[in-house]
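Data file: my_file_33.txt. Format and content: compact mmCIF, C-alpha atoms and all ligand atoms.
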# COMPACT_ATOMS: atom_id res chain seq x y z
CA MET A 1 -1.64 -27.70 -11.79
CA ALA A 2 1.39 -28.22 -14.03
CA ASN A 3 4.48 -29.72 -12.39
CA SER A 4 6.65 -26.67 -12.93
CA THR A 5 3.96 -24.46 -11.41
CA LYS A 6 3.77 -26.74 -8.36
CA LYS A 7 7.53 -26.59 -7.98
CA LEU A 8 7.48 -22.80 -8.13
CA ALA A 9 4.61 -22.68 -5.64
CA GLN A 10 6.60 -24.75 -3.15
CA LYS A 11 9.69 -22.64 -3.65
CA SER A 12 7.57 -19.54 -3.16
CA LYS A 13 6.99 -20.47 0.48
CA THR A 14 10.33 -18.97 1.51
CA PRO A 15 10.73 -18.27 5.22
CA GLU A 16 9.99 -14.60 5.85
CA LYS A 17 13.23 -13.84 7.63
CA PRO A 18 15.79 -11.28 6.41
CA VAL A 19 18.17 -12.85 3.90
CA ALA A 20 21.82 -12.04 4.41
CA PRO A 21 23.23 -10.61 1.16
CA ALA A 22 26.02 -13.25 1.08
CA LYS A 23 23.49 -16.09 0.84
CA LYS A 24 21.54 -14.67 -2.06
CA ALA A 25 23.22 -16.54 -4.90
CA GLU A 26 22.12 -19.90 -3.44
CA HIS A 27 18.48 -19.44 -4.33
CA ALA A 28 18.65 -17.10 -7.29
CA GLN A 29 17.76 -19.85 -9.77
CA THR A 30 16.36 -23.36 -9.71
CA LYS A 31 17.80 -26.09 -11.93
CA ASP A 32 15.34 -25.21 -14.67
CA LYS A 33 16.64 -21.62 -14.53
CA ARG A 34 13.45 -20.16 -13.11
CA PRO A 35 13.67 -17.58 -10.31
CA THR A 36 12.92 -19.03 -6.89
CA ARG A 37 12.31 -15.84 -4.95
CA PRO A 38 8.63 -14.95 -4.59
CA LEU A 39 7.51 -11.78 -6.36
CA MET A 40 5.83 -8.87 -4.60
CA LEU A 41 3.97 -6.32 -6.72
CA VAL A 42 4.02 -2.91 -5.02
CA THR A 43 1.91 -0.04 -6.36
CA GLY A 44 3.05 3.48 -5.52
CA ALA A 45 6.60 2.17 -5.11
CA SER A 46 8.31 5.40 -6.19
CA ALA A 47 8.09 7.06 -2.76
CA GLY A 48 7.13 6.83 0.91
CA ILE A 49 5.43 3.76 2.33
CA GLY A 50 5.44 1.85 -0.99
CA ALA A 51 9.21 2.24 -1.44
CA ALA A 52 9.73 1.27 2.23
CA LEU A 53 7.58 -1.87 1.81
CA ALA A 54 9.55 -2.78 -1.34
CA ARG A 55 12.80 -2.51 0.67
CA GLU A 56 11.28 -4.54 3.52
CA TYR A 57 10.22 -7.39 1.22
CA ALA A 58 13.52 -7.34 -0.69
CA ALA A 59 15.34 -7.64 2.65
CA HIS A 60 13.23 -10.72 3.40
CA GLY A 61 14.13 -12.54 0.21
CA TRP A 62 11.49 -11.36 -2.26
CA ASP A 63 11.85 -10.06 -5.80
CA LEU A 64 9.79 -7.01 -6.72
CA ALA A 65 7.52 -5.65 -9.39
CA LEU A 66 7.57 -1.90 -8.81
CA THR A 67 4.95 0.37 -10.30
CA ALA A 68 4.09 4.09 -10.14
CA ARG A 69 4.15 6.93 -12.68
CA ARG A 70 7.77 8.02 -12.16
CA GLN A 71 9.92 5.48 -14.04
CA ASP A 72 13.23 7.09 -12.99
CA ARG A 73 12.37 6.64 -9.30
CA LEU A 74 11.41 3.00 -9.87
CA ASP A 75 14.65 2.28 -11.75
CA HIS A 76 16.67 3.93 -9.00
CA LEU A 77 14.94 1.80 -6.34
CA ALA A 78 15.37 -1.37 -8.44
CA LYS A 79 19.12 -0.70 -8.62
CA GLU A 80 19.28 -0.16 -4.85
CA LEU A 81 17.37 -3.40 -4.14
CA LYS A 82 19.72 -5.36 -6.42
CA GLU A 83 22.84 -3.93 -4.80
CA LYS A 84 21.65 -4.30 -1.20
CA TYR A 85 19.61 -7.51 -1.31
CA ASP A 86 20.31 -9.10 -4.70
CA ALA A 87 16.59 -8.72 -5.40
CA ASP A 88 15.49 -8.63 -9.04
CA SER A 89 12.88 -6.03 -9.92
CA ILE A 90 10.55 -5.43 -12.83
CA THR A 91 9.76 -1.73 -13.12
CA ILE A 92 6.50 -0.70 -14.77
CA ALA A 93 5.54 2.95 -15.26
CA ALA A 94 1.76 3.21 -15.07
CA ASP A 95 -0.86 5.78 -14.13
CA MET A 96 -3.37 3.95 -11.95
CA ALA A 97 -6.04 6.46 -12.98
CA ALA A 98 -6.02 4.85 -16.44
CA LYS A 99 -8.65 2.12 -16.54
CA GLY A 100 -6.38 -0.40 -18.29
CA ALA A 101 -3.51 -0.03 -15.79
CA PRO A 102 -4.05 -3.19 -13.66
CA LYS A 103 -4.19 -5.48 -16.71
CA ALA A 104 -1.21 -3.73 -18.37
CA ILE A 105 0.88 -4.11 -15.19
CA LEU A 106 0.09 -7.82 -14.93
CA LYS A 107 0.85 -8.33 -18.63
CA ALA A 108 4.28 -6.75 -18.14
CA ILE A 109 4.94 -9.16 -15.24
CA LYS A 110 3.75 -12.16 -17.27
CA ASP A 111 5.88 -11.07 -20.24
CA ALA A 112 8.87 -11.05 -17.88
CA GLY A 113 8.12 -14.71 -17.11
CA ARG A 114 6.94 -14.17 -13.55
CA PHE A 115 3.73 -14.49 -11.57
CA VAL A 116 2.61 -12.52 -8.55
CA ASP A 117 2.99 -14.06 -5.07
CA GLY A 118 2.26 -10.87 -3.18
CA LEU A 119 0.46 -7.58 -3.76
CA VAL A 120 0.79 -4.29 -1.92
CA ASN A 121 -2.05 -1.97 -2.94
CA ASN A 122 -0.45 1.25 -1.80
CA ALA A 123 -0.60 3.98 -4.51
CA GLY A 124 -2.54 6.87 -3.10
CA TYR A 125 -3.05 10.56 -2.45
CA GLY A 126 -5.65 12.95 -1.05
CA LEU A 127 -7.79 15.55 -2.77
CA PRO A 128 -7.85 18.75 -0.71
CA GLY A 129 -11.03 20.78 -0.26
CA THR A 130 -14.68 19.90 0.24
CA PHE A 131 -16.60 17.58 -2.10
CA THR A 132 -17.85 20.16 -4.60
CA TYR A 133 -14.53 22.03 -4.63
CA SER A 134 -13.02 19.38 -6.94
CA LYS A 135 -14.26 18.59 -10.45
CA TRP A 136 -16.06 15.24 -10.86
CA ALA A 137 -13.26 14.11 -13.20
CA ASP A 138 -10.81 14.44 -10.29
CA HIS A 139 -13.07 12.45 -7.96
CA ALA A 140 -13.55 9.80 -10.64
CA ALA A 141 -9.77 9.49 -11.05
CA PHE A 142 -9.40 9.30 -7.26
CA ILE A 143 -11.92 6.44 -7.06
CA GLN A 144 -10.14 4.65 -9.91
CA VAL A 145 -6.71 4.90 -8.23
CA MET A 146 -7.76 4.34 -4.62
CA LEU A 147 -10.63 1.87 -4.92
CA THR A 148 -11.33 0.36 -8.36
CA ALA A 149 -7.72 -0.45 -9.31
CA PRO A 150 -6.87 -2.10 -5.95
CA CYS A 151 -10.04 -4.25 -6.16
CA GLU A 152 -9.33 -5.16 -9.80
CA LEU A 153 -5.73 -6.11 -9.02
CA VAL A 154 -6.89 -8.42 -6.21
CA HIS A 155 -9.55 -9.92 -8.48
CA LEU A 156 -6.97 -10.63 -11.19
CA ILE A 157 -4.23 -11.93 -8.90
CA LEU A 158 -6.05 -13.84 -6.15
CA PRO A 159 -7.12 -16.93 -8.18
CA GLY A 160 -3.47 -17.70 -9.03
CA MET A 161 -2.45 -17.31 -5.39
CA GLN A 162 -5.25 -19.63 -4.29
CA GLU A 163 -4.29 -22.20 -6.89
CA ARG A 164 -0.65 -22.16 -5.78
CA GLY A 165 -1.63 -22.15 -2.08
CA PHE A 166 0.41 -19.08 -1.19
CA GLY A 167 -0.13 -15.33 -1.27
CA ARG A 168 0.30 -12.10 0.64
CA ILE A 169 -1.98 -9.08 0.10
CA ILE A 170 -1.54 -5.77 1.89
CA ASN A 171 -4.09 -3.05 1.26
CA VAL A 172 -2.64 0.20 2.56
CA ALA A 173 -5.63 1.86 4.23
CA SER A 174 -5.33 4.43 7.03
CA LEU A 175 -6.21 5.32 10.61
CA ALA A 176 -8.66 7.67 8.85
CA GLY A 177 -10.70 4.59 7.91
CA HIS A 178 -11.40 4.00 11.62
CA LEU A 179 -12.47 7.57 12.47
CA PRO A 180 -15.51 9.66 11.57
CA GLY A 181 -15.26 11.38 8.19
CA SER A 182 -13.49 14.75 8.22
CA SER A 183 -14.52 18.01 6.59
CA GLY A 184 -12.30 18.26 3.50
CA HIS A 185 -10.65 15.41 1.51
CA THR A 186 -14.19 14.00 1.49
CA LEU A 187 -13.66 10.64 -0.19
CA TYR A 188 -10.41 9.81 1.61
CA ALA A 189 -11.80 8.38 4.88
CA ALA A 190 -14.64 6.66 2.99
CA ASP A 191 -12.14 4.97 0.67
CA LYS A 192 -9.90 3.87 3.54
CA ALA A 193 -12.90 2.48 5.52
CA PHE A 194 -13.84 0.55 2.37
CA LEU A 195 -10.32 -0.95 2.16
CA VAL A 196 -10.50 -2.03 5.82
CA LYS A 197 -13.81 -3.90 5.32
CA PHE A 198 -12.66 -5.27 1.95
CA SER A 199 -9.51 -6.68 3.57
CA GLN A 200 -11.44 -8.23 6.46
CA SER A 201 -13.79 -10.02 4.06
CA LEU A 202 -10.90 -11.25 1.89
CA ASN A 203 -9.06 -12.42 5.00
CA LEU A 204 -12.08 -14.50 6.08
CA GLU A 205 -12.64 -15.88 2.59
CA ASN A 206 -9.01 -17.06 2.43
CA GLN A 207 -8.60 -18.70 5.84
CA HIS A 208 -7.55 -22.06 4.36
CA THR A 209 -6.01 -21.02 1.07
CA GLY A 210 -2.52 -19.97 2.19
CA VAL A 211 -3.32 -16.40 1.17
CA HIS A 212 -2.90 -13.78 3.92
CA VAL A 213 -4.76 -10.47 3.65
CA THR A 214 -4.04 -7.41 5.78
CA ALA A 215 -5.34 -3.85 5.85
CA LEU A 216 -2.34 -1.78 6.93
CA CYS A 217 -3.59 1.38 8.64
CA PRO A 218 -0.90 4.00 9.27
CA GLY A 219 -1.47 7.28 11.02
CA PHE A 220 0.63 10.33 10.12
CA THR A 221 3.70 9.06 8.26
CA TYR A 222 6.72 10.96 6.94
CA SER A 223 6.54 10.69 3.13
CA GLU A 224 5.67 12.90 0.15
CA PHE A 225 1.95 12.45 0.85
CA HIS A 226 1.38 15.79 2.61
CA ASP A 227 3.40 17.69 0.01
CA VAL A 228 1.35 16.18 -2.81
CA ASN A 229 -1.97 17.08 -1.15
CA ASP A 230 -0.68 20.46 0.08
CA THR A 231 -1.29 19.86 3.78
CA ARG A 232 2.38 19.94 4.86
CA LYS A 233 2.01 23.38 6.49
CA VAL A 234 -1.15 22.33 8.38
CA VAL A 235 0.06 18.93 9.63
CA SER A 236 3.56 20.08 10.53
CA LYS A 237 1.99 21.66 13.62
CA LEU A 238 1.02 18.19 14.91
CA PRO A 239 3.13 16.79 17.78
CA SER A 240 5.99 14.44 16.90
CA TRP A 241 4.45 11.51 18.85
CA MET A 242 1.76 11.37 16.16
CA TRP A 243 4.31 10.64 13.41
CA LYS A 244 6.05 7.49 12.24
CA SER A 245 8.63 6.87 9.55
CA ALA A 246 7.67 4.97 6.38
CA GLU A 247 10.21 2.31 7.42
CA GLU A 248 8.46 1.75 10.78
CA VAL A 249 5.11 1.43 8.99
CA ALA A 250 6.59 -1.02 6.46
CA ALA A 251 8.14 -3.20 9.17
CA GLU A 252 4.79 -3.42 10.98
CA GLY A 253 3.03 -4.16 7.70
CA PHE A 254 5.40 -6.97 6.82
CA LYS A 255 4.98 -8.62 10.25
CA ALA A 256 1.20 -8.27 10.18
CA ALA A 257 0.94 -9.81 6.71
CA SER A 258 3.24 -12.69 7.70
CA ARG A 259 0.99 -13.41 10.69
CA ASN A 260 -2.21 -12.97 8.67
CA VAL A 261 -3.45 -10.11 10.88
CA PRO A 262 -6.58 -8.80 9.10
CA VAL A 263 -6.22 -5.18 10.26
CA ARG A 264 -3.06 -3.57 11.61
CA ILE A 265 -3.16 0.00 12.90
CA THR A 266 0.46 1.10 13.19
CA GLY A 267 1.87 2.47 16.46
CA PHE A 268 0.54 2.56 20.01
CA ALA A 269 -0.79 6.14 19.82
CA ASN A 270 -2.80 5.40 16.66
CA LYS A 271 -4.21 2.21 18.18
CA CYS A 272 -5.38 4.25 21.20
CA ILE A 273 -7.01 6.85 18.92
CA ALA A 274 -8.85 4.11 17.00
CA VAL A 275 -10.04 2.41 20.21
CA LEU A 276 -11.22 5.76 21.58
CA ALA A 277 -13.16 6.45 18.37
CA ARG A 278 -14.84 3.04 18.72
CA LEU A 279 -15.70 3.44 22.40
CA LEU A 280 -16.91 7.04 22.39
CA PRO A 281 -20.60 7.63 21.61
CA ASP A 282 -20.92 8.60 17.93
CA PRO A 283 -21.97 12.23 18.56
CA ILE A 284 -18.89 12.82 20.74
CA ALA A 285 -16.50 11.17 18.26
CA PHE A 286 -18.12 13.22 15.50
CA ALA A 287 -17.82 16.45 17.51
CA LEU A 288 -14.14 15.69 18.11
CA MET A 289 -13.56 15.26 14.37
CA LYS A 290 -15.46 18.50 13.74
CA SER A 291 -13.08 20.36 16.07
CA GLN A 292 -9.93 18.70 14.63
CA SER A 293 -10.66 18.71 10.86
CA LYS A 294 -8.89 22.02 10.22
CA LYS A 295 -5.74 20.69 11.91
CA ILE A 296 -5.41 17.78 9.48
CA ARG A 297 -7.32 18.72 6.31
CA LEU A 298 -7.22 21.63 3.86
CA THR A 299 -10.45 23.60 3.51
CA ASP A 300 -11.49 25.47 0.33
CA ASP A 301 -10.72 28.91 1.76
CA ALA A 302 -7.28 27.75 2.90
CA ILE A 303 -6.51 26.45 -0.62
CA ASP A 304 -7.75 29.65 -2.27
CA GLY A 305 -6.02 31.84 0.29
CA GLY A 306 -2.84 29.79 -0.09
CA SER A 307 -2.47 29.53 3.70
N1 LIG S 401 1.65 9.53 4.72
C1 LIG S 401 0.64 9.38 5.55
O1 LIG S 401 0.53 10.11 6.55
C2 LIG S 401 -0.36 8.28 5.31
C3 LIG S 401 -1.20 7.93 6.37
C4 LIG S 401 -2.14 6.91 6.18
C5 LIG S 401 -2.22 6.27 4.96
N2 LIG S 401 -1.39 6.63 3.95
C6 LIG S 401 -1.56 5.92 2.68
O2 LIG S 401 -0.30 5.33 2.32
C7 LIG S 401 -0.24 5.17 0.91
C8 LIG S 401 1.10 5.66 0.42
O3 LIG S 401 1.21 7.03 0.71
P1 LIG S 401 2.59 7.72 1.08
O4 LIG S 401 2.43 8.34 2.39
O5 LIG S 401 3.74 6.80 0.87
O6 LIG S 401 2.58 8.90 -0.01
P2 LIG S 401 3.65 9.33 -1.13
O7 LIG S 401 5.02 9.41 -0.55
O8 LIG S 401 3.08 10.55 -1.74
O9 LIG S 401 3.60 8.12 -2.17
C9 LIG S 401 2.45 7.89 -2.94
C10 LIG S 401 2.76 6.88 -4.03
O10 LIG S 401 1.58 6.68 -4.81
C11 LIG S 401 1.90 6.83 -6.18
N3 LIG S 401 0.77 7.34 -6.93
C12 LIG S 401 0.01 8.43 -6.67
N4 LIG S 401 -0.91 8.63 -7.64
C13 LIG S 401 -0.71 7.63 -8.55
C14 LIG S 401 -1.31 7.30 -9.79
N5 LIG S 401 -2.29 8.05 -10.33
N6 LIG S 401 -0.86 6.21 -10.46
C15 LIG S 401 0.14 5.47 -9.97
N7 LIG S 401 0.76 5.74 -8.80
C16 LIG S 401 0.34 6.82 -8.10
C17 LIG S 401 3.09 7.80 -6.20
O11 LIG S 401 3.90 7.58 -7.35
P3 LIG S 401 4.01 8.53 -8.64
O12 LIG S 401 3.76 9.94 -8.19
O13 LIG S 401 5.40 8.27 -9.13
O14 LIG S 401 2.97 8.00 -9.57
C18 LIG S 401 3.85 7.35 -4.97
O15 LIG S 401 4.69 6.27 -5.28
C19 LIG S 401 -1.44 5.92 0.33
O16 LIG S 401 -2.45 5.00 -0.02
C20 LIG S 401 -1.91 6.79 1.49
O17 LIG S 401 -3.28 7.05 1.44
C21 LIG S 401 -0.46 7.62 4.10
Serialized structure, structure tokens:
Amino acid sequence: MANSTKKLAQKSKTPEKPVAPAKKAEHAQTKDKRPTRPLMLVTGASAGIGAALAREYAAHGWDLALTARRQDRLDHLAKELKEKYDADSITIAADMAAKGAPKAILKAIKDAGRFVDGLVNNAGYGLPGTFTYSKWADHAAFIQVMLTAPCELVHLILPGMQERGFGRIINVASLAGHLPGSSGHTLYAADKAFLVKFSQSLNLENQHTGVHVTALCPGFTYSEFHDVNDTRKVVSKLPSWMWKSAEEVAAEGFKAASRNVPVRITGFANKCIAVLARLLPDPIAFALMKSQSKKIRLTDDAIDGGS
């Protein structure tokens, strides 16, 4: 490892405590003019949980690489993070459905003279309707955004983290990954279950590398998610105790990643639901999901009927 890289690696191990804005200037640059704050790459940073995680990491002394499709949103967030936390951000507009997106994002970070100390794989959405309701092209794009791109990003970034002896990876999965599959949004639970297992394996493989890996599993969270997948009307009937703010989810995610917790289900109620799903005999858990699917997912007739 080159000397300068070693130096940066050591500096990257900043304590994960909130940094008071007044102290920021102290560690903005090293003597050789390189940034000393570690860099967190957040996908899906233009809204919801991704934006909240970007704020959380900025508040704890990290710089950010923010990516999503909406450049204006990323620039707005970057400005906010600079003003509030003196965090520097690289903003990269990219559609994760494009196969070249992970490499293009990392090239933009490298061109800016930085390397990635942390990765939040968060960009995501749901496809309403049953499996055959959507065109294969839409499912293929979903798999690219939700599964292939997160895996590729980890594969590209992890070796550098291991070499430097420091890294944080959060894969934003879901409570859905711990429950039986629902009727509607067919690939969603399957993808989130994949991310849970993927994170557990990575966590085990990196026990002595300084790289922490966490699957962050929120339940219902206030964000744009349910507007994008058109389930706002359906899920708004759910009781308030089932909901958390994106900021609460981000705070739990940050703590879990710092402590190298392999899987963190956010909130007491969601933890209870996950435990129940594990303890109940499969046919009963499955029957429960059968009875609840319409309360959380959009069926084909509901989409067509516009209800
Ligand atoms: N909200 C919930 O109840 C909930 C519960 C469990 C898990 N989650 C998971 O949490 C993650 C974040 O969701 P959220 O609730 O914060 O939803 P959100 O407010 O809708 O944010 C989704 C983010 O993903 C980005 N994104 C979507 N498609 C993309 C694409 N093709 N390329 C690049 N970026 C894309 C969006 O940015 P652009 O539109 O600007 O590209 C946006 O920044 C998702 O993985 C979701 O599955 C959410």
Step by step, measure atom-to-atom distances between ligand LIG 401 (chain S) and each residue using all atoms listed in the file, keep those at most 8 Å, then write them as a PDB file with C-alpha atoms, in the frame of the given file.
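Result file is out01.pdb:
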ATOM      1  CA  THR A  43       1.910  -0.040  -6.360  1.00  0.00           C
ATOM      2  CA  GLY A  44       3.050   3.480  -5.520  1.00  0.00           C
ATOM      3  CA  ALA A  45       6.600   2.170  -5.110  1.00  0.00           C
ATOM      4  CA  SER A  46       8.310   5.400  -6.190  1.00  0.00           C
ATOM      5  CA  ALA A  47       8.090   7.060  -2.760  1.00  0.00           C
ATOM      6  CA  GLY A  48       7.130   6.830   0.910  1.00  0.00           C
ATOM      7  CA  ILE A  49       5.430   3.760   2.330  1.00  0.00           C
ATOM      8  CA  GLY A  50       5.440   1.850  -0.990  1.00  0.00           C
ATOM      9  CA  ALA A  51       9.210   2.240  -1.440  1.00  0.00           C
ATOM     10  CA  THR A  67       4.950   0.370 -10.300  1.00  0.00           C
ATOM     11  CA  ALA A  68       4.090   4.090 -10.140  1.00  0.00           C
ATOM     12  CA  ARG A  69       4.150   6.930 -12.680  1.00  0.00           C
ATOM     13  CA  ARG A  70       7.770   8.020 -12.160  1.00  0.00           C
ATOM     14  CA  GLN A  71       9.920   5.480 -14.040  1.00  0.00           C
ATOM     15  CA  ARG A  73      12.370   6.640  -9.300  1.00  0.00           C
ATOM     16  CA  ALA A  93       5.540   2.950 -15.260  1.00  0.00           C
ATOM     17  CA  ALA A  94       1.760   3.210 -15.070  1.00  0.00           C
ATOM     18  CA  ASP A  95      -0.860   5.780 -14.130  1.00  0.00           C
ATOM     19  CA  MET A  96      -3.370   3.950 -11.950  1.00  0.00           C
ATOM     20  CA  ALA A  97      -6.040   6.460 -12.980  1.00  0.00           C
ATOM     21  CA  ALA A  98      -6.020   4.850 -16.440  1.00  0.00           C
ATOM     22  CA  ASN A 121      -2.050  -1.970  -2.940  1.00  0.00           C
ATOM     23  CA  ASN A 122      -0.450   1.250  -1.800  1.00  0.00           C
ATOM     24  CA  ALA A 123      -0.600   3.980  -4.510  1.00  0.00           C
ATOM     25  CA  GLY A 124      -2.540   6.870  -3.100  1.00  0.00           C
ATOM     26  CA  TYR A 125      -3.050  10.560  -2.450  1.00  0.00           C
ATOM     27  CA  GLY A 126      -5.650  12.950  -1.050  1.00  0.00           C
ATOM     28  CA  ALA A 141      -9.770   9.490 -11.050  1.00  0.00           C
ATOM     29  CA  PHE A 142      -9.400   9.300  -7.260  1.00  0.00           C
ATOM     30  CA  VAL A 145      -6.710   4.900  -8.230  1.00  0.00           C
ATOM     31  CA  MET A 146      -7.760   4.340  -4.620  1.00  0.00           C
ATOM     32  CA  VAL A 172      -2.640   0.200   2.560  1.00  0.00           C
ATOM     33  CA  ALA A 173      -5.630   1.860   4.230  1.00  0.00           C
ATOM     34  CA  SER A 174      -5.330   4.430   7.030  1.00  0.00           C
ATOM     35  CA  LEU A 175      -6.210   5.320  10.610  1.00  0.00           C
ATOM     36  CA  ALA A 176      -8.660   7.670   8.850  1.00  0.00           C
ATOM     37  CA  TYR A 188     -10.410   9.810   1.610  1.00  0.00           C
ATOM     38  CA  LYS A 192      -9.900   3.870   3.540  1.00  0.00           C
ATOM     39  CA  CYS A 217      -3.590   1.380   8.640  1.00  0.00           C
ATOM     40  CA  PRO A 218      -0.900   4.000   9.270  1.00  0.00           C
ATOM     41  CA  GLY A 219      -1.470   7.280  11.020  1.00  0.00           C
ATOM     42  CA  PHE A 220       0.630  10.330  10.120  1.00  0.00           C
ATOM     43  CA  THR A 221       3.700   9.060   8.260  1.00  0.00           C
ATOM     44  CA  TYR A 222       6.720  10.960   6.940  1.00  0.00           C
ATOM     45  CA  SER A 223       6.540  10.690   3.130  1.00  0.00           C
ATOM     46  CA  GLU A 224       5.670  12.900   0.150  1.00  0.00           C
ATOM     47  CA  PHE A 225       1.950  12.450   0.850  1.00  0.00           C
ATOM     48  CA  HIS A 226       1.380  15.790   2.610  1.00  0.00           C
ATOM     49  CA  ASP A 227       3.400  17.690   0.010  1.00  0.00           C
ATOM     50  CA  VAL A 228       1.350  16.180  -2.810  1.00  0.00           C
ATOM     51  CA  TRP A 243       4.310  10.640  13.410  1.00  0.00           C
ATOM     52  CA  ALA A 246       7.670   4.970   6.380  1.00  0.00           C
TER      53      ALA A 246
END
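A cut-off of 8 Å from the point (8.2, -4.5, 6.4), with all atoms listed in the file, picks out the residues Ala52, Leu53, Arg55, Glu56, Tyr57, Glu247, Glu248, Val249, Ala250, Ala251, Glu252, Gly253, Phe254 and Lys255 of chain A.
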Nearby residues (only C-alpha atoms) at most 10 Å from Ala190 (chain A), same-chain spacing under 6 positions excluded, as number ranges by chain: A: 176-182
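Using only C-alpha atoms, the shortest contact distance between Arg259 (chain A) and any of A:Val213, A:Gly184, A:Ala137, A:Phe131 is found at A:Val213.
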In Å, how far is it from CA of Leu187 (chain A) to CA of Thr130 (chain A)? 9.3 Å
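Taking CA of Ile92 (chain A) and CA of Phe194 (chain A) as endpoints, the distance between them is 26.6 Å.
When only C-alpha atoms are used to measure the gap to Ala285 (chain A), the shortest distance among A:Ala108, A:Ile273, A:Leu204, A:Val261 belongs to A:Ile273.
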Close residues, region 286-297 of chain A itself excluded, 10 Å, all atoms listed in the file, min 4 positions apart in chain, as a PyMOL selection string: chain A and resi 126-130+179-186+220+226+229-238+277+280-282+302
For CA of Ala140 (chain A) and CA of Ile105 (chain A), the interatomic separation in Å (one decimal): 20.6 Å
Here's a test: counting only C-alpha atoms, identify every protein, DNA and RNA residue with an atom at most 9 Å from (15.3, -6.1, 2.0) in the file's coordinate frame, and state them as a ChimeraX atom specification. /A:18-19,53-62,81,84-87
Assuming 6 Å of padding per side, give the centre and edge lengths of the axis-aligned box around every listed atom of region 33-51 of chain A, in Å to one decimal and as lines of an AutoDock Vina configuration file.
center_x = 9.3
center_y = -7.3
center_z = -6.1
size_x = 26.7
size_y = 40.7
size_z = 28.9
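Around Pro262 (chain A), within 7 Å and counting all atoms listed in the file, the residues found are Ser199, Gln200, Asn203, Val213, Thr214 and Ala215 of chain A, once anything fewer than 4 positions away on its own chain is removed.
Nearest residue to Asp72 (chain A) among A:Ala149, A:Asp111, A:Thr91, A:Phe198 is A:Thr91, counting all atoms listed in the file.
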Give me the residues within 7 Å of Gly210 (chain A) as a PyMOL selection string, counting only C-alpha atoms and dropping any in the same chain fewer than 6 places off. chain A and resi 165-167
Nearest-residue call for Leu158 (chain A), choices A:His212, A:Arg114, A:Lys197, A:Lys107, using all atoms listed in the file: A:His212
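Compared by their closest atoms to Gly118 (chain A), and using all atoms listed in the file, the residues A:Lys99, A:Arg37, A:His76, A:Lys271 rank with A:Arg37 nearest.
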N, CA and C atoms are what I want for region 113-125 of chain A; can you complete it accordingly and write them as a compact mmCIF listing (two decimals), in the coordinates of the input?
# COMPACT_ATOMS: atom_id res chain seq x y z
N GLY A 113 8.02 -13.31 -17.52
CA GLY A 113 8.12 -14.71 -17.11
C GLY A 113 7.85 -14.95 -15.64
N ARG A 114 7.19 -14.02 -14.99
CA ARG A 114 6.94 -14.17 -13.55
C ARG A 114 5.45 -14.17 -13.26
N PHE A 115 5.11 -14.65 -12.06
CA PHE A 115 3.73 -14.49 -11.57
C PHE A 115 3.79 -13.84 -10.19
N VAL A 116 2.64 -13.35 -9.75
CA VAL A 116 2.61 -12.52 -8.55
C VAL A 116 2.28 -13.36 -7.31
N ASP A 117 3.22 -13.36 -6.34
CA ASP A 117 2.99 -14.06 -5.07
C ASP A 117 2.45 -13.12 -4.00
N GLY A 118 2.69 -11.83 -4.19
CA GLY A 118 2.26 -10.87 -3.18
C GLY A 118 1.86 -9.56 -3.84
N LEU A 119 0.94 -8.86 -3.21
CA LEU A 119 0.46 -7.58 -3.76
C LEU A 119 0.36 -6.57 -2.63
N VAL A 120 0.98 -5.41 -2.84
CA VAL A 120 0.79 -4.29 -1.92
C VAL A 120 0.03 -3.22 -2.69
N ASN A 121 -1.24 -3.05 -2.36
CA ASN A 121 -2.05 -1.97 -2.94
C ASN A 121 -1.79 -0.72 -2.12
N ASN A 122 -0.90 0.13 -2.63
CA ASN A 122 -0.45 1.25 -1.80
C ASN A 122 -0.60 2.61 -2.47
N ALA A 123 -0.58 2.68 -3.82
CA ALA A 123 -0.60 3.98 -4.51
C ALA A 123 -1.74 4.83 -3.97
N GLY A 124 -1.45 6.05 -3.64
CA GLY A 124 -2.54 6.87 -3.10
C GLY A 124 -2.17 8.32 -2.87
N TYR A 125 -3.19 9.12 -2.70
CA TYR A 125 -3.05 10.56 -2.45
C TYR A 125 -4.37 11.07 -1.88
